[in-house]
>>> print(open('input_15.txt').read())   # compact mmCIF, C-alpha atoms and all ligand atoms
# COMPACT_ATOMS: atom_id res chain seq x y z
CA MET A 1 -11.12 14.02 -2.28
CA MET A 2 -8.95 11.47 -4.06
CA GLY A 3 -6.30 14.07 -4.86
CA ASN A 4 -4.62 14.39 -8.18
CA GLY A 5 -5.26 10.76 -9.07
CA MET A 6 -8.98 11.29 -8.96
CA ARG A 7 -8.84 14.43 -11.07
CA TYR A 8 -6.85 12.65 -13.75
CA TRP A 9 -9.26 9.73 -13.65
CA VAL A 10 -12.26 11.98 -14.14
CA ALA A 11 -10.45 13.85 -16.90
CA ALA A 12 -9.55 10.58 -18.61
CA LEU A 13 -13.17 9.44 -18.55
CA SER A 14 -14.51 12.60 -20.10
CA VAL A 15 -11.73 13.09 -22.64
CA LEU A 16 -11.63 9.52 -23.87
CA GLY A 17 -15.36 9.03 -23.77
CA ALA A 18 -14.81 5.98 -21.62
CA GLY A 19 -18.23 6.74 -20.20
CA ALA A 20 -19.67 4.53 -22.94
CA ALA A 21 -18.49 1.38 -21.20
CA GLN A 22 -18.92 2.91 -17.75
CA ALA A 23 -22.51 3.96 -18.30
CA GLU A 24 -23.64 0.41 -18.96
CA THR A 25 -25.60 -1.29 -16.21
CA VAL A 26 -24.04 -4.54 -15.02
CA TYR A 27 -25.53 -7.12 -12.68
CA VAL A 28 -23.04 -9.12 -10.62
CA ARG A 29 -24.28 -12.39 -9.16
CA ALA A 30 -22.41 -13.15 -5.93
CA GLY A 31 -22.65 -16.60 -4.33
CA HIS A 32 -21.76 -14.98 -1.00
CA LEU A 33 -20.96 -11.35 -0.24
CA VAL A 34 -18.46 -10.25 2.40
CA ASP A 35 -19.50 -6.95 3.98
CA PRO A 36 -16.54 -5.50 5.89
CA GLU A 37 -18.60 -2.47 7.00
CA LYS A 38 -20.95 -4.76 8.93
CA GLY A 39 -18.39 -7.49 9.56
CA THR A 40 -20.68 -10.14 8.08
CA VAL A 41 -20.81 -12.69 5.28
CA GLU A 42 -24.13 -12.48 3.45
CA GLY A 43 -25.75 -15.16 1.28
CA ALA A 44 -26.36 -14.86 -2.46
CA ARG A 45 -26.84 -11.28 -3.67
CA VAL A 46 -27.10 -9.37 -6.92
CA LEU A 47 -25.13 -6.12 -7.17
CA ARG A 48 -26.42 -3.60 -9.66
CA VAL A 49 -23.56 -1.54 -11.04
CA GLU A 50 -24.13 1.74 -12.88
CA ASP A 51 -21.50 4.11 -14.21
CA GLY A 52 -18.76 2.03 -12.59
CA ARG A 53 -20.23 2.27 -9.11
CA VAL A 54 -22.47 0.04 -7.02
CA ALA A 55 -26.03 1.35 -7.36
CA ALA A 56 -27.88 -1.29 -5.32
CA ILE A 57 -27.47 -4.61 -3.55
CA LEU A 58 -30.48 -6.78 -4.34
CA PRO A 59 -31.68 -10.12 -3.02
CA ASP A 60 -30.84 -13.10 -5.21
CA GLY A 61 -33.37 -13.26 -8.03
CA PRO A 62 -34.07 -12.56 -11.68
CA VAL A 63 -32.50 -9.62 -13.51
CA PRO A 64 -34.05 -7.74 -16.45
CA ALA A 65 -34.07 -9.67 -19.76
CA GLY A 66 -31.01 -8.98 -21.86
CA ALA A 67 -29.09 -7.41 -18.97
CA HIS A 68 -25.33 -7.68 -18.83
CA VAL A 69 -24.65 -10.26 -16.11
CA VAL A 70 -21.34 -11.17 -14.50
CA ASP A 71 -21.98 -14.57 -12.98
CA TRP A 72 -19.86 -15.05 -9.89
CA SER A 73 -22.54 -17.17 -8.18
CA GLY A 74 -19.97 -19.89 -7.56
CA TYR A 75 -17.73 -17.52 -5.60
CA THR A 76 -17.50 -15.37 -2.51
CA VAL A 77 -17.34 -11.70 -3.52
CA LEU A 78 -15.46 -9.04 -1.53
CA PRO A 79 -14.55 -5.40 -2.09
CA GLY A 80 -11.27 -5.03 -3.96
CA LEU A 81 -8.34 -5.23 -1.55
CA ILE A 82 -6.08 -2.32 -0.61
CA ASP A 83 -2.33 -2.50 0.07
CA MET A 84 -1.07 0.61 1.84
CA HIS A 85 2.62 -0.13 1.41
CA VAL A 86 3.88 -1.06 -2.04
CA HIS A 87 6.72 0.15 -4.25
CA LEU A 88 5.49 -0.51 -7.78
CA ALA A 89 7.91 1.71 -9.70
CA ASP A 90 11.19 0.06 -8.76
CA ALA A 91 13.10 -3.08 -9.66
CA ALA A 92 12.56 -5.77 -7.02
CA GLU A 93 14.91 -6.17 -4.08
CA THR A 94 17.75 -8.55 -4.96
CA GLY A 95 20.16 -7.93 -2.11
CA ASN A 96 22.39 -5.81 -4.35
CA PRO A 97 22.55 -2.26 -2.91
CA ALA A 98 23.31 -0.99 -6.43
CA GLU A 99 20.26 -2.67 -7.99
CA PRO A 100 18.34 0.61 -8.65
CA LEU A 101 21.35 1.87 -10.65
CA LEU A 102 21.19 -1.12 -13.00
CA HIS A 103 17.90 0.10 -14.49
CA SER A 104 17.33 3.30 -16.46
CA ALA A 105 14.39 5.55 -15.68
CA MET A 106 12.71 4.23 -18.85
CA GLU A 107 13.18 0.60 -17.89
CA THR A 108 11.96 1.35 -14.36
CA ALA A 109 8.74 2.75 -15.82
CA TYR A 110 8.06 -0.48 -17.73
CA ILE A 111 8.86 -2.53 -14.65
CA GLY A 112 6.29 -0.41 -12.82
CA ALA A 113 3.68 -1.13 -15.47
CA ARG A 114 4.22 -4.87 -15.06
CA ASN A 115 4.06 -4.62 -11.27
CA ALA A 116 0.83 -2.61 -11.45
CA ARG A 117 -0.88 -5.28 -13.58
CA THR A 118 0.37 -8.10 -11.35
CA THR A 119 -0.90 -6.31 -8.25
CA LEU A 120 -4.35 -5.68 -9.75
CA PHE A 121 -4.68 -9.29 -10.89
CA ALA A 122 -3.85 -10.42 -7.34
CA GLY A 123 -7.03 -8.64 -6.20
CA PHE A 124 -5.57 -5.34 -5.02
CA THR A 125 -7.64 -2.65 -6.72
CA SER A 126 -6.18 0.28 -4.72
CA VAL A 127 -2.68 0.87 -3.37
CA HIS A 128 -0.71 3.50 -1.54
CA ASP A 129 2.63 3.58 -3.33
CA VAL A 130 5.01 4.80 -0.65
CA GLY A 131 7.98 5.67 -2.76
CA CYS A 132 10.48 4.89 -5.46
CA TYR A 133 14.15 5.69 -5.92
CA ARG A 134 13.62 7.57 -9.20
CA ALA A 135 11.53 10.58 -8.23
CA PHE A 136 7.99 10.74 -9.66
CA ALA A 137 8.13 7.31 -11.33
CA ASP A 138 5.16 6.46 -9.07
CA VAL A 139 3.28 9.66 -10.00
CA GLU A 140 3.78 8.95 -13.72
CA LEU A 141 2.61 5.36 -13.25
CA ARG A 142 -0.52 6.58 -11.45
CA ASN A 143 -1.22 9.04 -14.27
CA ALA A 144 -0.69 6.34 -16.92
CA ILE A 145 -3.17 4.05 -15.14
CA ASN A 146 -5.71 6.88 -14.83
CA ARG A 147 -5.36 7.71 -18.53
CA GLY A 148 -5.99 4.05 -19.37
CA ASP A 149 -2.52 3.52 -20.88
CA VAL A 150 -1.55 0.94 -18.26
CA ILE A 151 -3.64 -1.64 -16.40
CA GLY A 152 -3.29 -1.30 -12.67
CA PRO A 153 -4.88 -0.46 -9.33
CA ARG A 154 -6.03 2.98 -8.24
CA MET A 155 -2.87 4.54 -6.89
CA ALA A 156 -1.99 7.19 -4.37
CA ALA A 157 1.63 8.26 -4.88
CA VAL A 158 4.23 10.17 -2.83
CA GLY A 159 6.70 11.24 -5.54
CA ALA A 160 9.91 10.60 -3.60
CA TYR A 161 11.14 9.69 -0.12
CA ILE A 162 11.86 12.54 2.28
CA THR A 163 15.11 11.29 3.83
CA VAL A 164 18.34 12.51 5.42
CA PRO A 165 21.53 12.26 3.32
CA GLY A 166 22.56 8.60 3.27
CA GLY A 167 19.30 7.70 5.04
CA GLY A 168 16.89 4.82 4.49
CA GLY A 169 15.38 6.54 1.45
CA GLU A 170 18.66 6.75 -0.46
CA VAL A 171 20.47 4.15 -2.52
CA SER A 172 23.52 3.58 -0.35
CA GLY A 173 26.64 1.53 0.17
CA PHE A 174 28.91 3.10 -2.43
CA ALA A 175 32.36 4.65 -2.24
CA PRO A 176 32.19 8.30 -1.12
CA ASP A 177 33.21 9.64 -4.53
CA VAL A 178 30.41 7.83 -6.41
CA GLN A 179 27.74 10.25 -7.67
CA VAL A 180 24.17 8.98 -7.36
CA PRO A 181 21.88 10.38 -10.14
CA ALA A 182 20.05 13.57 -9.18
CA ASP A 183 16.61 12.04 -9.80
CA MET A 184 17.36 9.59 -6.96
CA ARG A 185 18.08 12.43 -4.50
CA VAL A 186 15.07 14.71 -4.94
CA GLY A 187 13.75 14.11 -1.40
CA VAL A 188 17.05 14.42 0.48
CA VAL A 189 16.70 17.04 3.23
CA THR A 190 19.04 18.66 5.77
CA SER A 191 16.82 20.96 7.88
CA PRO A 192 13.16 21.73 8.67
CA ALA A 193 13.25 24.59 6.15
CA ASP A 194 14.56 22.20 3.52
CA VAL A 195 11.71 19.80 4.35
CA THR A 196 9.18 22.60 3.77
CA LEU A 197 10.74 23.35 0.40
CA LYS A 198 10.94 19.75 -0.81
CA VAL A 199 7.54 18.64 0.46
CA ASN A 200 5.98 21.58 -1.39
CA TYR A 201 7.93 20.56 -4.50
CA LEU A 202 6.54 17.01 -4.30
CA PHE A 203 2.97 18.29 -4.01
CA GLN A 204 3.48 20.75 -6.86
CA HIS A 205 4.51 17.84 -9.07
CA GLY A 206 1.63 15.53 -8.27
CA ALA A 207 2.19 13.78 -4.94
CA ASP A 208 -1.03 12.71 -3.20
CA SER A 209 0.60 12.28 0.22
CA ILE A 210 4.07 12.35 1.79
CA LYS A 211 6.36 9.54 2.92
CA LEU A 212 9.05 10.28 5.48
CA ILE A 213 11.96 7.99 6.26
CA GLY A 214 12.06 8.57 10.00
CA THR A 215 14.57 5.89 10.99
CA GLY A 216 17.12 3.57 9.44
CA ALA A 217 15.96 0.79 7.13
CA VAL A 218 16.62 -2.92 6.74
CA PHE A 219 17.66 -2.51 3.09
CA GLN A 220 20.19 0.26 3.62
CA ILE A 221 23.94 0.18 4.20
CA GLY A 222 25.35 2.13 7.12
CA ALA A 223 22.57 2.69 9.69
CA ASP A 224 20.65 0.49 12.09
CA ALA A 225 16.91 0.13 11.55
CA GLY A 226 16.27 1.43 15.05
CA MET A 227 18.24 4.66 14.60
CA GLN A 228 16.26 7.90 14.27
CA GLU A 229 17.19 9.82 11.10
CA LEU A 230 14.74 12.73 10.60
CA SER A 231 14.36 15.00 13.62
CA GLU A 232 10.98 15.62 15.19
CA ASP A 233 11.11 19.22 13.91
CA GLU A 234 11.75 17.98 10.37
CA MET A 235 8.82 15.59 10.60
CA ARG A 236 6.60 18.38 11.95
CA ALA A 237 7.59 20.63 9.05
CA ALA A 238 6.37 17.97 6.62
CA VAL A 239 3.10 17.51 8.51
CA ASP A 240 2.47 21.28 8.50
CA VAL A 241 2.84 21.54 4.71
CA ALA A 242 0.73 18.45 4.08
CA ARG A 243 -2.08 19.69 6.35
CA ALA A 244 -2.07 23.10 4.70
CA ARG A 245 -2.61 21.31 1.39
CA GLY A 246 -5.34 19.05 2.76
CA SER A 247 -3.10 16.02 2.65
CA TRP A 248 -1.24 13.84 5.12
CA VAL A 249 2.01 12.12 6.03
CA THR A 250 3.06 8.59 6.76
CA VAL A 251 6.47 7.70 8.19
CA HIS A 252 8.79 4.76 7.78
CA ALA A 253 9.89 4.04 11.36
CA HIS A 254 11.31 0.89 12.92
CA GLY A 255 12.91 2.38 16.03
CA THR A 256 11.07 3.24 19.26
CA ALA A 257 12.20 6.87 19.53
CA GLY A 258 11.58 7.65 15.85
CA ILE A 259 8.06 6.20 16.03
CA LYS A 260 7.13 8.36 19.01
CA ALA A 261 8.70 11.50 17.52
CA ALA A 262 6.65 10.96 14.37
CA ILE A 263 3.42 10.48 16.33
CA ARG A 264 4.09 13.68 18.30
CA ALA A 265 4.81 15.45 15.00
CA GLY A 266 1.32 14.57 13.77
CA VAL A 267 1.73 11.84 11.15
CA ARG A 268 -1.36 9.92 10.06
CA GLY A 269 0.42 6.58 9.77
CA VAL A 270 3.51 4.70 10.86
CA GLU A 271 4.95 2.11 8.46
CA HIS A 272 6.69 -0.98 9.96
CA ALA A 273 6.49 0.22 13.63
CA SER A 274 8.70 -2.78 14.41
CA MET A 275 10.07 -1.67 17.79
CA ILE A 276 7.06 0.25 19.04
CA ASP A 277 6.77 -0.03 22.83
CA ASP A 278 3.71 0.07 25.10
CA GLU A 279 3.88 3.85 25.36
CA GLY A 280 4.04 4.17 21.58
CA ILE A 281 1.04 1.87 21.18
CA ALA A 282 -0.89 3.97 23.71
CA MET A 283 0.08 7.16 21.85
CA ALA A 284 -1.04 5.71 18.52
CA ARG A 285 -4.35 4.64 20.00
CA ALA A 286 -4.98 7.97 21.74
CA ARG A 287 -4.25 9.99 18.58
CA GLY A 288 -5.92 7.65 16.10
CA VAL A 289 -2.67 6.99 14.25
CA TYR A 290 -2.70 4.04 11.85
CA LEU A 291 0.00 1.39 12.24
CA ASP A 292 0.80 -0.23 8.90
CA MET A 293 2.81 -3.30 9.85
CA ASP A 294 4.33 -5.52 7.16
CA ILE A 295 4.54 -8.71 9.18
CA TYR A 296 4.89 -11.19 6.28
CA ASN A 297 8.00 -10.18 4.34
CA GLY A 298 10.57 -10.98 7.05
CA ASP A 299 10.15 -14.67 6.26
CA TRP A 300 10.63 -14.05 2.54
CA THR A 301 13.84 -12.08 3.17
CA ASP A 302 15.16 -14.69 5.57
CA GLU A 303 14.68 -17.52 3.06
CA ILE A 304 15.68 -15.74 -0.15
CA GLY A 305 18.40 -13.68 1.50
CA ARG A 306 20.20 -16.83 2.66
CA ARG A 307 19.82 -18.43 -0.75
CA ASP A 308 21.00 -15.36 -2.67
CA HIS A 309 23.60 -14.15 -0.14
CA TYR A 310 22.10 -10.78 0.71
CA PRO A 311 24.54 -8.51 2.63
CA GLU A 312 25.08 -9.56 6.23
CA GLU A 313 23.84 -6.12 7.33
CA TYR A 314 20.45 -6.66 5.63
CA MET A 315 20.06 -10.12 7.15
CA ARG A 316 20.99 -8.97 10.66
CA LYS A 317 18.51 -6.08 10.55
CA ASN A 318 15.79 -8.33 9.12
CA THR A 319 16.26 -10.66 12.09
CA GLU A 320 16.25 -7.73 14.53
CA THR A 321 12.91 -6.43 13.23
CA THR A 322 10.87 -9.50 12.21
CA LEU A 323 9.87 -11.21 15.47
CA ALA A 324 9.81 -7.94 17.42
CA GLN A 325 7.38 -6.51 14.87
CA ARG A 326 5.05 -9.51 15.04
CA GLN A 327 4.95 -9.35 18.83
CA ALA A 328 4.27 -5.61 18.67
CA PHE A 329 1.51 -6.25 16.11
CA GLN A 330 -0.15 -8.68 18.52
CA LYS A 331 -0.04 -6.09 21.29
CA ALA A 332 -1.44 -3.44 18.96
CA VAL A 333 -4.33 -5.72 17.98
CA ARG A 334 -5.15 -6.29 21.65
CA ALA A 335 -4.89 -2.56 22.38
CA GLY A 336 -7.40 -1.73 19.64
CA VAL A 337 -5.06 0.42 17.54
CA LYS A 338 -6.14 1.13 13.94
CA LEU A 339 -4.19 -1.37 11.83
CA SER A 340 -4.17 -1.01 8.06
CA PHE A 341 -2.90 -3.58 5.56
CA GLY A 342 0.56 -2.84 4.15
CA THR A 343 3.06 -5.40 2.93
CA ASP A 344 6.13 -3.62 1.46
CA ALA A 345 5.68 -5.44 -1.87
CA TRP A 346 9.02 -5.00 -3.66
CA VAL A 347 10.85 -6.68 -0.77
CA TYR A 348 9.09 -9.83 -2.10
CA PRO A 349 7.56 -10.25 -5.60
CA HIS A 350 4.49 -8.14 -6.38
CA GLY A 351 1.31 -10.19 -6.52
CA LEU A 352 2.03 -12.20 -3.36
CA ASN A 353 0.57 -9.41 -1.21
CA ALA A 354 -2.25 -11.58 0.16
CA ARG A 355 0.22 -13.91 1.87
CA GLN A 356 0.21 -11.44 4.76
CA PHE A 357 -3.39 -12.26 5.75
CA LYS A 358 -2.33 -15.59 7.24
CA TYR A 359 0.27 -13.86 9.42
CA MET A 360 -2.21 -11.26 10.63
CA VAL A 361 -4.52 -14.06 11.76
CA GLN A 362 -1.66 -16.02 13.35
CA TRP A 363 -0.69 -12.91 15.31
CA GLY A 364 -4.06 -12.05 16.79
CA MET A 365 -6.63 -10.88 14.26
CA THR A 366 -9.78 -12.70 13.27
CA PRO A 367 -10.00 -13.29 9.52
CA MET A 368 -12.69 -10.58 9.34
CA MET A 369 -10.41 -8.09 11.12
CA ALA A 370 -7.66 -8.85 8.61
CA ILE A 371 -10.12 -8.34 5.72
CA GLN A 372 -11.29 -5.06 7.29
CA ALA A 373 -7.63 -3.96 7.58
CA ALA A 374 -7.30 -4.42 3.81
CA THR A 375 -10.64 -2.78 2.97
CA THR A 376 -12.49 -0.36 5.27
CA VAL A 377 -9.53 0.59 7.49
CA SER A 378 -7.06 1.19 4.66
CA ALA A 379 -9.70 3.14 2.73
CA GLN A 380 -10.08 5.45 5.75
CA MET A 381 -6.34 5.91 6.01
CA LEU A 382 -6.27 6.93 2.33
CA GLY A 383 -9.23 9.24 2.87
CA TRP A 384 -10.98 7.31 0.09
CA GLU A 385 -13.62 5.59 2.24
CA LYS A 386 -16.53 6.99 0.21
CA ASP A 387 -15.08 5.41 -2.95
CA VAL A 388 -13.30 2.17 -2.09
CA GLY A 389 -12.99 -0.47 0.62
CA ALA A 390 -16.68 -1.43 0.67
CA LEU A 391 -19.49 -2.35 -1.74
CA SER A 392 -22.40 -0.44 -0.23
CA PRO A 393 -24.13 1.78 -2.83
CA GLY A 394 -22.03 4.69 -4.01
CA HIS A 395 -18.69 2.92 -3.86
CA TYR A 396 -16.73 2.06 -6.98
CA ALA A 397 -17.57 -1.40 -8.31
CA ASP A 398 -14.11 -2.65 -7.35
CA MET A 399 -14.57 -6.27 -6.32
CA ILE A 400 -12.95 -9.67 -6.32
CA ALA A 401 -14.20 -13.25 -6.43
CA VAL A 402 -12.61 -16.11 -4.48
CA ALA A 403 -13.49 -19.78 -4.11
CA GLY A 404 -14.38 -20.61 -0.50
CA ASP A 405 -15.02 -18.53 2.60
CA PRO A 406 -12.13 -16.21 3.53
CA THR A 407 -13.58 -15.72 7.02
CA ARG A 408 -12.94 -19.42 7.66
CA ASP A 409 -9.70 -19.76 5.71
CA VAL A 410 -8.13 -16.41 5.00
CA THR A 411 -5.55 -17.98 2.65
CA VAL A 412 -8.20 -18.31 -0.07
CA LEU A 413 -7.42 -14.62 -0.70
CA GLU A 414 -4.03 -15.74 -2.07
CA HIS A 415 -5.88 -17.18 -5.08
CA VAL A 416 -8.19 -14.55 -6.52
CA ALA A 417 -10.24 -15.93 -9.42
CA HIS A 418 -11.72 -12.72 -10.82
CA VAL A 419 -11.21 -8.98 -10.43
CA MET A 420 -13.53 -6.10 -11.36
CA LYS A 421 -12.35 -2.48 -11.29
CA GLY A 422 -14.83 0.35 -11.78
CA GLY A 423 -17.46 -2.04 -13.14
CA GLU A 424 -15.17 -3.67 -15.71
CA VAL A 425 -13.99 -7.26 -15.34
CA VAL A 426 -10.21 -7.08 -15.73
CA LYS A 427 -9.47 -10.68 -14.75
ZN ZN A 501 8.76 0.11 1.95
>>> encode(input="input_15.txt", output="C-alpha cells", more="lines below")
Ligand SMILES: [Zn+2]
Amino acid sequence: MMGNGMRYWVAALSVLGAGAAQAETVYVRAGHLVDPEKGTVEGARVLRVEDGRVAAILPDGPVPAGAHVVDWSGYTVLPGLIDMHVHLADAAETGNPAEPLLHSAMETAYIGARNARTTLFAGFTSVHDVGCYRAFADVELRNAINRGDVIGPRMAAVGAYITVPGGGGEVSGFAPDVQVPADMRVGVVTSPADVTLKVNYLFQHGADSIKLIGTGAVFQIGADAGMQELSEDEMRAAVDVARARGSWVTVHAHGTAGIKAAIRAGVRGVEHASMIDDEGIAMARARGVYLDMDIYNGDWTDEIGRRDHYPEEYMRKNTETTLAQRQAFQKAVRAGVKLSFGTDAWVYPHGLNARQFKYMVQWGMTPMMAIQAATTVSAQMLGWEKDVGALSPGHYADMIAVAGDPTRDVTVLEHVAHVMKGGEVVK
C-alpha cells in the first residue's frame, strides 16, 4: 500500500535485522495526547509501542518494572506531521535561475540528505516529495532513508516533473543554445503519447506517484503562473497510467483554467491552486480532490527576494499569487474542500515547514483543522492512512512532543522538542 518505499523499508528491516530494536516494547508517557481522528486533546496517556507501531493507548498509570519508558509527560504528544509538498533533493531557491546547474548530481544528493534530517527534526515524519530537477534524486533519497543510510522522514517520491518544454518543471532562463543536462529533462513531454511513455518510465524506476506541472510557475523564466502548460488530454494520459498502476497524480496549477482541466482529467490533488475560482472549488469538493495550498511561503519570498534581488519576474508572479491564494484558501475552508498540508519547502529553508500553521489559522481554519490537514487528511491523500497521520493502535509510532497546547497556540508546532519515528527516538 505504501508503494516502493514501503517495500524497501520492509526489505531493509529484514535484511539488516533492524527488528532487534523494533521488536522492543516501549512505553511513551504523554502529558497530553492530541487525537486528530477524534478532533480532541486527551489528558495524560501511556502509549505502548511494539515492533515500531502503536499497540495500545492506556490510561496514565504504572508500567511493568524494567520497561523501556520514554518520558514525555511534560509535553503534548501528536502524531508525526506530514508535509505534502517538499523538494528535499535540490539546492534551495536563491533567485538565481541557474542555481540547479551550480551543483553536481553528487552534491545534490548530499544536500538532500541534510534536508531530510532537518525536516524530520522539525517534526515532519512523512513527506510527499513532489519533484527535483535531477531525475530520481528523490527516489534515491527515499531508498537511502529506507535502507537506514540517511536519517529522514518516510518519503513518497515522484522521480521527475512531467512538464512541457520550457515549462515550470524545467530549469529555464538561458540562451537558446545552452544545453541543459539530460538528467534535468527526463520528464519533458510534447504529446499525450509522450506522457504515457514517460509516466511509465518514472514508475518503472521507482516513482510512488506522479507530479504534473499543469501551469506556469513563480520560479520560472518566460511564462506567467496563470498560463496553462499541459493540455487536458496530456493530464488525462498521466492519470490513466497512474490508475492502471494503482497510483495517483497531483498537479502543480496556479491558473484557473489549468486547475479545472486537471480536475476534469482526474487528478487526486492540486498543488498551489492560487487562482481557483468558485466553480473550481465546487468541482474539487464534488470530486473529492485535495487542494494542497502553500499559503506561507509568499511572505518569505517577498522579504528575501527583495533583500537578495530575485528576478523581477519571480517577484511579480509571487505578488500575483500570494494574496489571491490566501483568499481562495479561505473560500475553500468555508466550502468544506479537503485541504492537505503542503508548504513547498525549498522556496524557504527546510525545517521551517510548521510556520504555515499560523497562516492556515489566520485564513479560516481552527488549530485542530490545521493539525488534521497535516496528519489525517494528508495521510489519506498519500493513501497511507492505515500507517501514519494518527496514533490509534496499528499506526507507526511516529510522534512528536511539543511544549504547550497547539490547539490553543498553533505556533508551538514551530518548536518541536522531540521526535519519534517507528518507535525510535530520533530527536
Ligand atoms: Zn513545489
>>> closest_residue(input="input_15.txt", among="A:His85, A:Lys358, A:Lys317, A:Lys211", to="ligand ZN 501 (chain A)", atoms="all atoms listed in the file")
A:His85
>>> residues_near_ligand(input="input_15.txt", ligand="ligand ZN 501 (chain A)", cutoff="10 Å", atoms="only C-alpha atoms and all ligand atoms", output="number ranges by chain")
A: 84-87, 129-132, 168-169, 211, 213, 217-219, 252, 271-272, 294, 342-347
>>> atom_distance(input="input_15.txt", atom1="CA of Ala113 in chain A", atom2="CA of Met155 in chain A")
12.2 Å
>>> atom_distance(input="input_15.txt", atom1="CA of Val171 in chain A", atom2="CA of Gly159 in chain A")
15.8 Å
>>> atom_distance(input="input_15.txt", atom1="CA of Gly226 in chain A", atom2="CA of Val158 in chain A")
23.3 Å
>>> closest_residue(input="input_15.txt", among="A:Val54, A:Leu81, A:Ile259, A:Ala91", to="Val127 in chain A", atoms="all atoms listed in the file")
A:Leu81
>>> residues_around(input="input_15.txt", residues="range 176-181 of chain A", least_positions_apart="2", cutoff="12 Å", atoms="only C-alpha atoms", output="PyMOL selection string")
chain A and resi 98+100-105+133-135+165-166+170-174+183-186+188
>>> residues_around(input="input_15.txt", residues="Met227 in chain A", least_positions_apart="5", cutoff="8 Å", atoms="only C-alpha atoms", output="ChimeraX atom specification")
/A:215-216,255,258
>>> closest_residue(input="input_15.txt", among="A:Glu24, A:Glu312, A:Asp90, A:Asp60", to="Leu141 in chain A", atoms="all atoms listed in the file")
A:Asp90
>>> build_atoms(input="input_15.txt", residues="range 185-190 of chain A", atoms="all heavy atoms", output="mmCIF file, in the frame of the given file")
data_model
loop_
_atom_site.group_PDB
_atom_site.id
_atom_site.type_symbol
_atom_site.label_atom_id
_atom_site.label_comp_id
_atom_site.auth_asym_id
_atom_site.auth_seq_id
_atom_site.Cartn_x
_atom_site.Cartn_y
_atom_site.Cartn_z
ATOM 1 N N ARG A 185 17.779 11.672 -5.721
ATOM 2 C CA ARG A 185 18.080 12.430 -4.500
ATOM 3 C C ARG A 185 17.133 13.620 -4.296
ATOM 4 O O ARG A 185 17.430 14.530 -3.531
ATOM 5 C CB ARG A 185 19.532 12.904 -4.530
ATOM 6 C CG ARG A 185 20.532 11.766 -4.770
ATOM 7 C CD ARG A 185 21.904 12.098 -4.225
ATOM 8 N NE ARG A 185 21.898 12.116 -2.772
ATOM 9 C CZ ARG A 185 22.692 12.886 -2.022
ATOM 10 N NH1 ARG A 185 23.535 13.718 -2.591
ATOM 11 N NH2 ARG A 185 22.637 12.835 -0.715
ATOM 12 N N VAL A 186 15.998 13.576 -4.957
ATOM 13 C CA VAL A 186 15.070 14.710 -4.940
ATOM 14 C C VAL A 186 14.520 14.983 -3.531
ATOM 15 O O VAL A 186 14.272 16.124 -3.157
ATOM 16 C CB VAL A 186 13.920 14.461 -5.945
ATOM 17 C CG1 VAL A 186 12.758 15.414 -5.744
ATOM 18 C CG2 VAL A 186 14.460 14.564 -7.374
ATOM 19 N N GLY A 187 14.349 13.933 -2.725
ATOM 20 C CA GLY A 187 13.750 14.110 -1.400
ATOM 21 C C GLY A 187 14.745 14.149 -0.262
ATOM 22 O O GLY A 187 14.366 14.007 0.900
ATOM 23 N N VAL A 188 16.028 14.363 -0.575
ATOM 24 C CA VAL A 188 17.050 14.420 0.480
ATOM 25 C C VAL A 188 16.994 15.786 1.154
ATOM 26 O O VAL A 188 17.029 16.822 0.477
ATOM 27 C CB VAL A 188 18.454 14.159 -0.115
ATOM 28 C CG1 VAL A 188 19.528 14.321 0.968
ATOM 29 C CG2 VAL A 188 18.513 12.762 -0.721
ATOM 30 N N VAL A 189 16.901 15.785 2.491
ATOM 31 C CA VAL A 189 16.700 17.040 3.230
ATOM 32 C C VAL A 189 17.731 17.171 4.363
ATOM 33 O O VAL A 189 18.220 16.171 4.897
ATOM 34 C CB VAL A 189 15.289 17.106 3.847
ATOM 35 C CG1 VAL A 189 14.237 17.196 2.759
ATOM 36 C CG2 VAL A 189 15.033 15.909 4.763
ATOM 37 N N THR A 190 18.036 18.426 4.729
ATOM 38 C CA THR A 190 19.040 18.660 5.770
ATOM 39 C C THR A 190 18.573 19.585 6.892
ATOM 40 O O THR A 190 19.334 19.861 7.811
ATOM 41 C CB THR A 190 20.320 19.268 5.141
ATOM 42 O OG1 THR A 190 19.957 20.465 4.445
ATOM 43 C CG2 THR A 190 20.972 18.296 4.166
#
